[in-house]
Amino acid sequence: MSNDIPNNLASKPIGKLLLEYSLPAIIASLATSLYNIVDSIFIGRGVGPMGITGLAVTFPLMNLVTAFCVLIAVGGSTISSIFLGERRADKAEMVVGNVTIVVLLHSVVLVAIGLFFLDPILYFFGATAQTIDYAREFMRIILLATPLSYVFLALNNIMRATGYPRKAMISALFSVVVNIAVAPVLIFVLDWGMRGAALATVAGQLAGLIWVLFHFISRKSDIHFTRRCWHLSGMLIRRMYQIGMSPFLMNCCTCLVVVFINRSLLEAAGADGNLAIGAYGIINRTTTFFVMIIWGVTQGMQPILGFNYGAACWPRVSHTLRLGLMVATVVSTIGFAATEIFPDEISRMFTTDSAMIAIARPGFRIFFMFYILVGPQIVIQNYFQSIDHPMLSIFLSLTRQLIFLVPLLWLLPPRMGVDGVWTAMCTSDCLAFILAAITAVVMDRRIRRELTAMVQKKQ
């Protein structure tokens, strides 16, 4: 294995490293976000407002499906970075094979359960008689393609974490380009509607998967498939589950919370319930765009943090965290400004329905009220995950979604109507940031002592 990657992570200036690793990850994350946005725009324009609402109803199920991939993908990528920091490339290669096998097993189980119970699940998530056909048509195809999407997402994460951020970016961009090229043909020319949007998404993921597989098959790659990597290791798998549990629970909580949000909107908006869910779908796609940029920053931080934590280098760990917080704050500030100033213009990208735009307008302004705090909160949560403190990351993810948001969704909408839903979300963002900041300050000395002890033990 080449020593370039470890030497760079150990000695190259943190600012340059963060740019080198985060920029491709941000571009890749933006690409993923863009094809979700493009799907929504094409569906809104080609199918109509009920298509947008049907798509919004599928968000919880897609979050749940993604959660079982993230559980292994994030754990595997974090472990592989730590192994590289410890100069154990053979262990990093074992992670690749174990991750591939486990995500395939997850996908098979999820496809079987999801297809069998699809309609009851969608009704539980907020579908109505007017939107169930749209949601069902889209999700059937997405579920059937779960095995290939799982392998693509998992291996792409490991490719980035093991020193190939540009290749990971290219695979994501390739996937988006294929999706954007195919979607208008299937939706507008062939008039396949929701089915066409889903097939375009699958086509993009298949293209990305082919690129990623070529990387891991090639002997030129520092970390690649070997005969030994397919031997399942209980120790590795347990550690993947432990580290990946935080983003897994975060996705599961997001799924649960979106159910609460959809049901709250149906009750609070009355006859306009379906339109309110569609408006939330537009807001959700918009916040996802900015969150994915921040997520790209954290993905760029992860190999730097993981490697230098494994190497017990506290100054580089601390410096990486500070830079990540600064960048994430700038991104979330831009998100706040854009949505406060241009809510209608953003809505019109997705729909021409004036009623849906009118519902989304106050939603944007209230939902994004404390958005400046969202970026730092996400960075702190992922920081603990990247330095092998998964329980803290799990705690921070659960507090925002369950401890803060769910009670607020129960209390505020009956008193404030639809505005109460938006207020509950922005208030939980503010409280989650305060808790994350306190946790980071309290843990700072402990982690510094922990790494100092690791250095003394090595000596």
# chains A, B, ... in the order shown; residues from 1 in each chain; ligands from 1

call {"tool": "residues_around", "arguments": {"residues": "A:Leu265", "least_positions_apart": "5", "cutoff": "7 Å", "atoms": "only C-alpha atoms", "output": "PyMOL selection string"}}
result
chain A and resi 273+276-277+418

call {"tool": "residues_around", "arguments": {"residues": "A:Pro407", "least_positions_apart": "5", "cutoff": "10 Å", "atoms": "only C-alpha atoms", "output": "list in words"}}
result
Gln401, Leu402, Leu412, Ala424 and Ser428 of chain A

call {"tool": "closest_residue", "arguments": {"among": "A:Arg219, A:Asn382, A:Phe42, A:Leu148", "to": "A:Val182", "atoms": "only C-alpha atoms"}}
result
A:Phe42

call {"tool": "residues_around", "arguments": {"residues": "A:Trp422", "least_positions_apart": "5", "cutoff": "8 Å", "atoms": "only C-alpha atoms", "output": "list in words"}}
result
Gly363, Ile366 and Phe367 of chain A

call {"tool": "closest_residue", "arguments": {"among": "A:Trp230, A:Ser22, A:Val212, A:Ile113", "to": "A:Val99", "atoms": "only C-alpha atoms"}}
result
A:Trp230

call {"tool": "closest_residue", "arguments": {"among": "A:Pro376, A:Gly244, A:Gly126, A:Gly54", "to": "A:Asp388", "atoms": "only C-alpha atoms"}}
result
A:Gly244

call {"tool": "residues_around", "arguments": {"residues": "A:Pro184", "least_positions_apart": "2", "cutoff": "12 Å", "atoms": "only C-alpha atoms", "output": "PDB file with C-alpha atoms, in the first residue's frame"}}
result
ATOM      1  CA  VAL A  38     -34.604  17.634  -9.823  1.00  0.00           C
ATOM      2  CA  ASP A  39     -36.902  14.656  -9.196  1.00  0.00           C
ATOM      3  CA  SER A  40     -39.193  16.917  -7.186  1.00  0.00           C
ATOM      4  CA  ILE A  41     -39.156  19.643  -9.850  1.00  0.00           C
ATOM      5  CA  PHE A  42     -39.875  17.186 -12.662  1.00  0.00           C
ATOM      6  CA  ILE A  43     -42.650  15.547 -10.652  1.00  0.00           C
ATOM      7  CA  ARG A  45     -44.099  20.109 -13.261  1.00  0.00           C
ATOM      8  CA  GLY A  46     -44.887  16.823 -14.980  1.00  0.00           C
ATOM      9  CA  VAL A  47     -47.288  15.160 -12.535  1.00  0.00           C
ATOM     10  CA  VAL A 178     -27.395  10.059 -15.718  1.00  0.00           C
ATOM     11  CA  ASN A 179     -30.466  10.743 -13.576  1.00  0.00           C
ATOM     12  CA  ILE A 180     -30.958  14.271 -14.907  1.00  0.00           C
ATOM     13  CA  ALA A 181     -30.497  13.087 -18.502  1.00  0.00           C
ATOM     14  CA  VAL A 182     -32.932  10.179 -18.194  1.00  0.00           C
ATOM     15  CA  LEU A 186     -39.154   9.086 -18.901  1.00  0.00           C
ATOM     16  CA  ILE A 187     -41.446  11.660 -17.252  1.00  0.00           C
ATOM     17  CA  PHE A 188     -42.323  14.022 -20.120  1.00  0.00           C
ATOM     18  CA  VAL A 189     -41.610  12.149 -23.369  1.00  0.00           C
ATOM     19  CA  LEU A 190     -42.772   8.659 -22.330  1.00  0.00           C
ATOM     20  CA  ASP A 191     -45.288  10.072 -19.816  1.00  0.00           C
ATOM     21  CA  TRP A 192     -44.335   7.536 -17.123  1.00  0.00           C
ATOM     22  CA  GLY A 193     -44.870  10.018 -14.280  1.00  0.00           C
ATOM     23  CA  MET A 194     -43.782   8.785 -10.825  1.00  0.00           C
ATOM     24  CA  ARG A 195     -42.532   5.517 -12.293  1.00  0.00           C
ATOM     25  CA  GLY A 196     -40.289   7.441 -14.675  1.00  0.00           C
ATOM     26  CA  ALA A 197     -38.826   9.536 -11.840  1.00  0.00           C
ATOM     27  CA  ALA A 198     -38.052   6.409  -9.821  1.00  0.00           C
ATOM     28  CA  LEU A 199     -36.468   4.613 -12.801  1.00  0.00           C
ATOM     29  CA  ALA A 200     -34.298   7.662 -13.523  1.00  0.00           C
ATOM     30  CA  THR A 201     -33.060   7.610  -9.917  1.00  0.00           C
TER      31      THR A 201
END

call {"tool": "closest_residue", "arguments": {"among": "A:Ala312, A:Leu431, A:Ala161, A:Val379", "to": "A:Leu325", "atoms": "only C-alpha atoms"}}
result
A:Val379

call {"tool": "residues_around", "arguments": {"residues": "stretch 444-452 of chain A", "least_positions_apart": "5", "cutoff": "12 Å", "atoms": "only C-alpha atoms", "output": "PDB file with C-alpha atoms, in the first residue's frame"}}
result
ATOM      1  CA  ASN A 308      -5.419  11.730  13.654  1.00  0.00           C
ATOM      2  CA  TYR A 309      -7.494  10.343  16.520  1.00  0.00           C
ATOM      3  CA  GLY A 310      -6.061   6.900  15.723  1.00  0.00           C
ATOM      4  CA  ALA A 311      -2.596   8.516  15.660  1.00  0.00           C
ATOM      5  CA  ALA A 312      -3.367  10.285  19.014  1.00  0.00           C
ATOM      6  CA  CYS A 313      -2.659  13.765  17.597  1.00  0.00           C
ATOM      7  CA  TRP A 314      -4.921  16.094  19.593  1.00  0.00           C
ATOM      8  CA  PRO A 315      -3.860  19.454  18.031  1.00  0.00           C
ATOM      9  CA  ARG A 316      -4.844  18.254  14.537  1.00  0.00           C
ATOM     10  CA  VAL A 317      -8.129  16.795  15.822  1.00  0.00           C
ATOM     11  CA  SER A 318      -8.999  20.082  17.562  1.00  0.00           C
ATOM     12  CA  LEU A 321     -13.166  20.554  14.473  1.00  0.00           C
ATOM     13  CA  ARG A 322     -12.740  24.353  14.654  1.00  0.00           C
ATOM     14  CA  ILE A 380     -20.411  18.510  16.629  1.00  0.00           C
ATOM     15  CA  TYR A 383     -17.306  14.910  15.338  1.00  0.00           C
ATOM     16  CA  PHE A 384     -18.021  12.485  18.185  1.00  0.00           C
ATOM     17  CA  ILE A 387     -13.471   9.966  16.888  1.00  0.00           C
ATOM     18  CA  ASP A 388     -15.081   6.699  17.998  1.00  0.00           C
ATOM     19  CA  HIS A 389     -17.435   8.160  20.658  1.00  0.00           C
ATOM     20  CA  ALA A 437     -22.235  23.158  22.317  1.00  0.00           C
ATOM     21  CA  ILE A 438     -22.309  22.375  26.045  1.00  0.00           C
ATOM     22  CA  THR A 439     -21.386  18.739  25.352  1.00  0.00           C
ATOM     23  CA  LYS A 457       1.259   4.360  26.209  1.00  0.00           C
ATOM     24  CA  LYS A 458       2.857   4.140  22.734  1.00  0.00           C
ATOM     25  CA  GLN A 459       6.096   5.559  24.122  1.00  0.00           C
TER      26      GLN A 459
END

call {"tool": "residues_around", "arguments": {"residues": "A:Trp410", "least_positions_apart": "6", "cutoff": "12 Å", "atoms": "only C-alpha atoms", "output": "ChimeraX atom specification"}}
result
/A:257,260-261,263-265,267-268,402-404,416-417,420-421,423-425

call {"tool": "write_last_selection", "arguments": {"atoms": "N, CA and C atoms", "output": "JSON list (two decimals), in the first residue's frame"}}
result
[["chain", "number", "residue", "atom", "x", "y", "z"],
["A", 257, "VAL", "N", -40.24, 11.37, 12.98],
["A", 257, "VAL", "CA", -40.62, 12.77, 13.11],
["A", 257, "VAL", "C", -41.42, 13.24, 11.90],
["A", 260, "PHE", "N", -44.93, 12.33, 12.35],
["A", 260, "PHE", "CA", -45.59, 13.29, 13.24],
["A", 260, "PHE", "C", -45.90, 14.59, 12.49],
["A", 261, "ILE", "N", -44.94, 15.06, 11.70],
["A", 261, "ILE", "CA", -45.12, 16.31, 10.96],
["A", 261, "ILE", "C", -46.26, 16.17, 9.96],
["A", 263, "ARG", "N", -48.76, 14.07, 9.91],
["A", 263, "ARG", "CA", -50.06, 13.94, 10.57],
["A", 263, "ARG", "C", -50.50, 15.27, 11.21],
["A", 264, "SER", "N", -49.54, 15.99, 11.77],
["A", 264, "SER", "CA", -49.86, 17.30, 12.35],
["A", 264, "SER", "C", -50.36, 18.26, 11.28],
["A", 265, "LEU", "N", -49.71, 18.22, 10.10],
["A", 265, "LEU", "CA", -50.14, 19.10, 9.01],
["A", 265, "LEU", "C", -51.52, 18.72, 8.49],
["A", 267, "GLU", "N", -53.94, 17.40, 10.18],
["A", 267, "GLU", "CA", -54.94, 17.82, 11.16],
["A", 267, "GLU", "C", -55.05, 19.35, 11.22],
["A", 268, "ALA", "N", -53.90, 20.03, 11.23],
["A", 268, "ALA", "CA", -53.91, 21.49, 11.41],
["A", 268, "ALA", "C", -54.42, 22.23, 10.17],
["A", 402, "LEU", "N", -36.21, 13.44, 19.07],
["A", 402, "LEU", "CA", -37.23, 12.87, 19.93],
["A", 402, "LEU", "C", -37.52, 13.72, 21.17],
["A", 403, "ILE", "N", -36.47, 14.05, 21.92],
["A", 403, "ILE", "CA", -36.69, 14.72, 23.21],
["A", 403, "ILE", "C", -37.20, 16.15, 23.02],
["A", 404, "PHE", "N", -36.73, 16.84, 21.98],
["A", 404, "PHE", "CA", -37.17, 18.22, 21.75],
["A", 404, "PHE", "C", -38.34, 18.32, 20.77],
["A", 416, "MET", "N", -51.40, 26.65, 17.64],
["A", 416, "MET", "CA", -50.94, 27.61, 16.63],
["A", 416, "MET", "C", -51.27, 27.19, 15.20],
["A", 417, "GLY", "N", -51.90, 26.04, 15.01],
["A", 417, "GLY", "CA", -52.21, 25.57, 13.66],
["A", 417, "GLY", "C", -50.96, 25.14, 12.91],
["A", 420, "GLY", "N", -47.61, 26.25, 14.08],
["A", 420, "GLY", "CA", -47.07, 25.53, 15.23],
["A", 420, "GLY", "C", -46.13, 24.42, 14.81],
["A", 421, "VAL", "N", -46.39, 23.79, 13.63],
["A", 421, "VAL", "CA", -45.50, 22.75, 13.12],
["A", 421, "VAL", "C", -44.14, 23.36, 12.79],
["A", 423, "THR", "N", -42.88, 26.17, 13.91],
["A", 423, "THR", "CA", -42.26, 26.68, 15.13],
["A", 423, "THR", "C", -41.61, 25.57, 15.94],
["A", 424, "ALA", "N", -42.27, 24.42, 15.99],
["A", 424, "ALA", "CA", -41.70, 23.27, 16.72],
["A", 424, "ALA", "C", -40.34, 22.88, 16.14],
["A", 425, "MET", "N", -40.22, 22.91, 14.81],
["A", 425, "MET", "CA", -38.98, 22.49, 14.17],
["A", 425, "MET", "C", -37.85, 23.47, 14.42]]

call {"tool": "closest_residue", "arguments": {"among": "A:Cys426, A:Ile37, A:Leu409, A:Met50", "to": "A:Met349", "atoms": "only C-alpha atoms"}}
result
A:Ile37

call {"tool": "residues_around", "arguments": {"residues": "A:Arg400", "least_positions_apart": "5", "cutoff": "7 Å", "atoms": "only C-alpha atoms", "output": "list in words"}}
result
Leu405, Ser428, Asp429 and Ala432 of chain A

call {"tool": "select_by_dssp", "arguments": {"residues": "stretch 156-232 of chain A", "states": "helix (DSSP H, G or I)", "output": "count of residues only"}}
result
59

call {"tool": "atom_distance", "arguments": {"atom1": "atom CA of A:Val176", "atom2": "atom CA of A:Trp211"}}
result
13.0 Å

call {"tool": "closest_residue", "arguments": {"among": "A:Ala56, A:Leu143, A:Ile294, A:Met159", "to": "A:Phe225", "atoms": "only C-alpha atoms"}}
result
A:Met159

call {"tool": "decode", "arguments": {"residues": "stretch 22-131 of chain A", "atoms": "C-alpha atoms", "output": "mmCIF file, in the first residue's frame"}}
result
data_model
loop_
_atom_site.group_PDB
_atom_site.id
_atom_site.type_symbol
_atom_site.label_atom_id
_atom_site.label_comp_id
_atom_site.auth_asym_id
_atom_site.auth_seq_id
_atom_site.Cartn_x
_atom_site.Cartn_y
_atom_site.Cartn_z
ATOM 1 C CA SER A 22 -14.466 18.283 1.895
ATOM 2 C CA LEU A 23 -14.762 19.927 -1.524
ATOM 3 C CA PRO A 24 -15.242 16.626 -3.385
ATOM 4 C CA ALA A 25 -17.551 15.407 -0.602
ATOM 5 C CA ILE A 26 -19.577 18.634 -0.780
ATOM 6 C CA ILE A 27 -19.844 18.373 -4.552
ATOM 7 C CA ALA A 28 -20.892 14.732 -4.220
ATOM 8 C CA SER A 29 -23.437 15.595 -1.508
ATOM 9 C CA LEU A 30 -24.758 18.500 -3.557
ATOM 10 C CA ALA A 31 -25.058 16.193 -6.531
ATOM 11 C CA THR A 32 -27.145 13.771 -4.463
ATOM 12 C CA SER A 33 -29.275 16.635 -3.179
ATOM 13 C CA LEU A 34 -29.663 18.059 -6.672
ATOM 14 C CA TYR A 35 -31.037 14.906 -8.156
ATOM 15 C CA ASN A 36 -33.566 14.716 -5.313
ATOM 16 C CA ILE A 37 -34.486 18.322 -6.085
ATOM 17 C CA VAL A 38 -34.604 17.634 -9.823
ATOM 18 C CA ASP A 39 -36.902 14.656 -9.196
ATOM 19 C CA SER A 40 -39.193 16.917 -7.186
ATOM 20 C CA ILE A 41 -39.156 19.643 -9.850
ATOM 21 C CA PHE A 42 -39.875 17.186 -12.662
ATOM 22 C CA ILE A 43 -42.650 15.547 -10.652
ATOM 23 C CA GLY A 44 -44.139 18.912 -9.663
ATOM 24 C CA ARG A 45 -44.099 20.109 -13.261
ATOM 25 C CA GLY A 46 -44.887 16.823 -14.980
ATOM 26 C CA VAL A 47 -47.288 15.160 -12.535
ATOM 27 C CA GLY A 48 -48.744 18.029 -10.476
ATOM 28 C CA PRO A 49 -49.175 19.096 -6.824
ATOM 29 C CA MET A 50 -50.497 15.686 -5.728
ATOM 30 C CA GLY A 51 -47.359 14.128 -7.211
ATOM 31 C CA ILE A 52 -45.255 16.433 -5.013
ATOM 32 C CA THR A 53 -47.342 15.420 -1.988
ATOM 33 C CA GLY A 54 -47.088 11.723 -2.909
ATOM 34 C CA LEU A 55 -43.324 12.094 -3.090
ATOM 35 C CA ALA A 56 -43.282 13.886 0.293
ATOM 36 C CA VAL A 57 -45.184 10.958 1.811
ATOM 37 C CA THR A 58 -42.361 8.610 0.728
ATOM 38 C CA PHE A 59 -39.680 10.649 2.578
ATOM 39 C CA PRO A 60 -40.064 8.766 5.896
ATOM 40 C CA LEU A 61 -39.814 5.378 4.190
ATOM 41 C CA MET A 62 -36.792 6.463 2.134
ATOM 42 C CA ASN A 63 -35.148 7.761 5.332
ATOM 43 C CA LEU A 64 -35.814 4.418 6.995
ATOM 44 C CA VAL A 65 -34.403 2.479 4.035
ATOM 45 C CA THR A 66 -31.341 4.749 3.947
ATOM 46 C CA ALA A 67 -30.842 4.290 7.701
ATOM 47 C CA PHE A 68 -30.041 0.584 7.351
ATOM 48 C CA CYS A 69 -27.390 1.379 4.753
ATOM 49 C CA VAL A 70 -25.917 4.285 6.724
ATOM 50 C CA LEU A 71 -25.692 2.035 9.800
ATOM 51 C CA ILE A 72 -22.986 -0.004 8.052
ATOM 52 C CA ALA A 73 -21.585 2.543 5.573
ATOM 53 C CA VAL A 74 -20.686 5.179 8.169
ATOM 54 C CA GLY A 75 -19.389 2.634 10.650
ATOM 55 C CA GLY A 76 -17.280 0.969 7.942
ATOM 56 C CA SER A 77 -15.821 4.218 6.607
ATOM 57 C CA THR A 78 -14.941 5.458 10.114
ATOM 58 C CA ILE A 79 -13.235 2.179 11.048
ATOM 59 C CA SER A 80 -11.269 2.082 7.807
ATOM 60 C CA SER A 81 -9.928 5.611 8.485
ATOM 61 C CA ILE A 82 -8.907 4.661 12.022
ATOM 62 C CA PHE A 83 -7.175 1.507 10.742
ATOM 63 C CA LEU A 84 -5.208 3.611 8.255
ATOM 64 C CA GLY A 85 -4.162 5.920 11.110
ATOM 65 C CA GLU A 86 -2.938 2.840 12.990
ATOM 66 C CA ARG A 87 -1.059 1.661 9.837
ATOM 67 C CA ARG A 88 -3.232 -1.478 9.511
ATOM 68 C CA ALA A 89 -4.149 -1.500 5.817
ATOM 69 C CA ASP A 90 -4.990 -5.226 5.871
ATOM 70 C CA LYS A 91 -7.771 -4.521 8.388
ATOM 71 C CA ALA A 92 -9.064 -1.640 6.254
ATOM 72 C CA GLU A 93 -9.377 -4.048 3.312
ATOM 73 C CA MET A 94 -11.344 -6.502 5.447
ATOM 74 C CA VAL A 95 -13.811 -3.709 6.192
ATOM 75 C CA VAL A 96 -14.617 -3.370 2.466
ATOM 76 C CA GLY A 97 -15.721 -6.990 2.060
ATOM 77 C CA ASN A 98 -17.601 -7.107 5.358
ATOM 78 C CA VAL A 99 -19.471 -3.894 4.552
ATOM 79 C CA THR A 100 -20.514 -5.181 1.114
ATOM 80 C CA ILE A 101 -21.887 -8.466 2.475
ATOM 81 C CA VAL A 102 -23.765 -6.897 5.386
ATOM 82 C CA VAL A 103 -25.435 -4.134 3.337
ATOM 83 C CA LEU A 104 -26.613 -6.730 0.822
ATOM 84 C CA LEU A 105 -28.144 -8.789 3.627
ATOM 85 C CA HIS A 106 -29.847 -5.672 4.998
ATOM 86 C CA SER A 107 -31.232 -4.784 1.568
ATOM 87 C CA VAL A 108 -32.768 -8.208 0.899
ATOM 88 C CA VAL A 109 -34.654 -8.162 4.206
ATOM 89 C CA LEU A 110 -35.865 -4.595 3.684
ATOM 90 C CA VAL A 111 -37.077 -5.222 0.130
ATOM 91 C CA ALA A 112 -39.144 -8.213 1.261
ATOM 92 C CA ILE A 113 -40.727 -6.406 4.213
ATOM 93 C CA GLY A 114 -41.180 -3.108 2.378
ATOM 94 C CA LEU A 115 -42.947 -4.534 -0.670
ATOM 95 C CA PHE A 116 -45.227 -6.790 1.381
ATOM 96 C CA PHE A 117 -46.414 -3.997 3.706
ATOM 97 C CA LEU A 118 -46.018 -1.049 1.331
ATOM 98 C CA ASP A 119 -49.579 0.348 1.385
ATOM 99 C CA PRO A 120 -50.056 0.157 5.192
ATOM 100 C CA ILE A 121 -46.651 1.791 5.679
ATOM 101 C CA LEU A 122 -47.464 4.652 3.292
ATOM 102 C CA TYR A 123 -50.875 5.267 4.895
ATOM 103 C CA PHE A 124 -49.168 5.330 8.307
ATOM 104 C CA PHE A 125 -46.686 7.891 6.961
ATOM 105 C CA GLY A 126 -49.455 10.257 5.875
ATOM 106 C CA ALA A 127 -50.751 9.030 2.507
ATOM 107 C CA THR A 128 -54.407 9.654 1.680
ATOM 108 C CA ALA A 129 -56.740 8.299 -0.977
ATOM 109 C CA GLN A 130 -55.627 11.168 -3.226
ATOM 110 C CA THR A 131 -51.869 10.492 -2.878
#
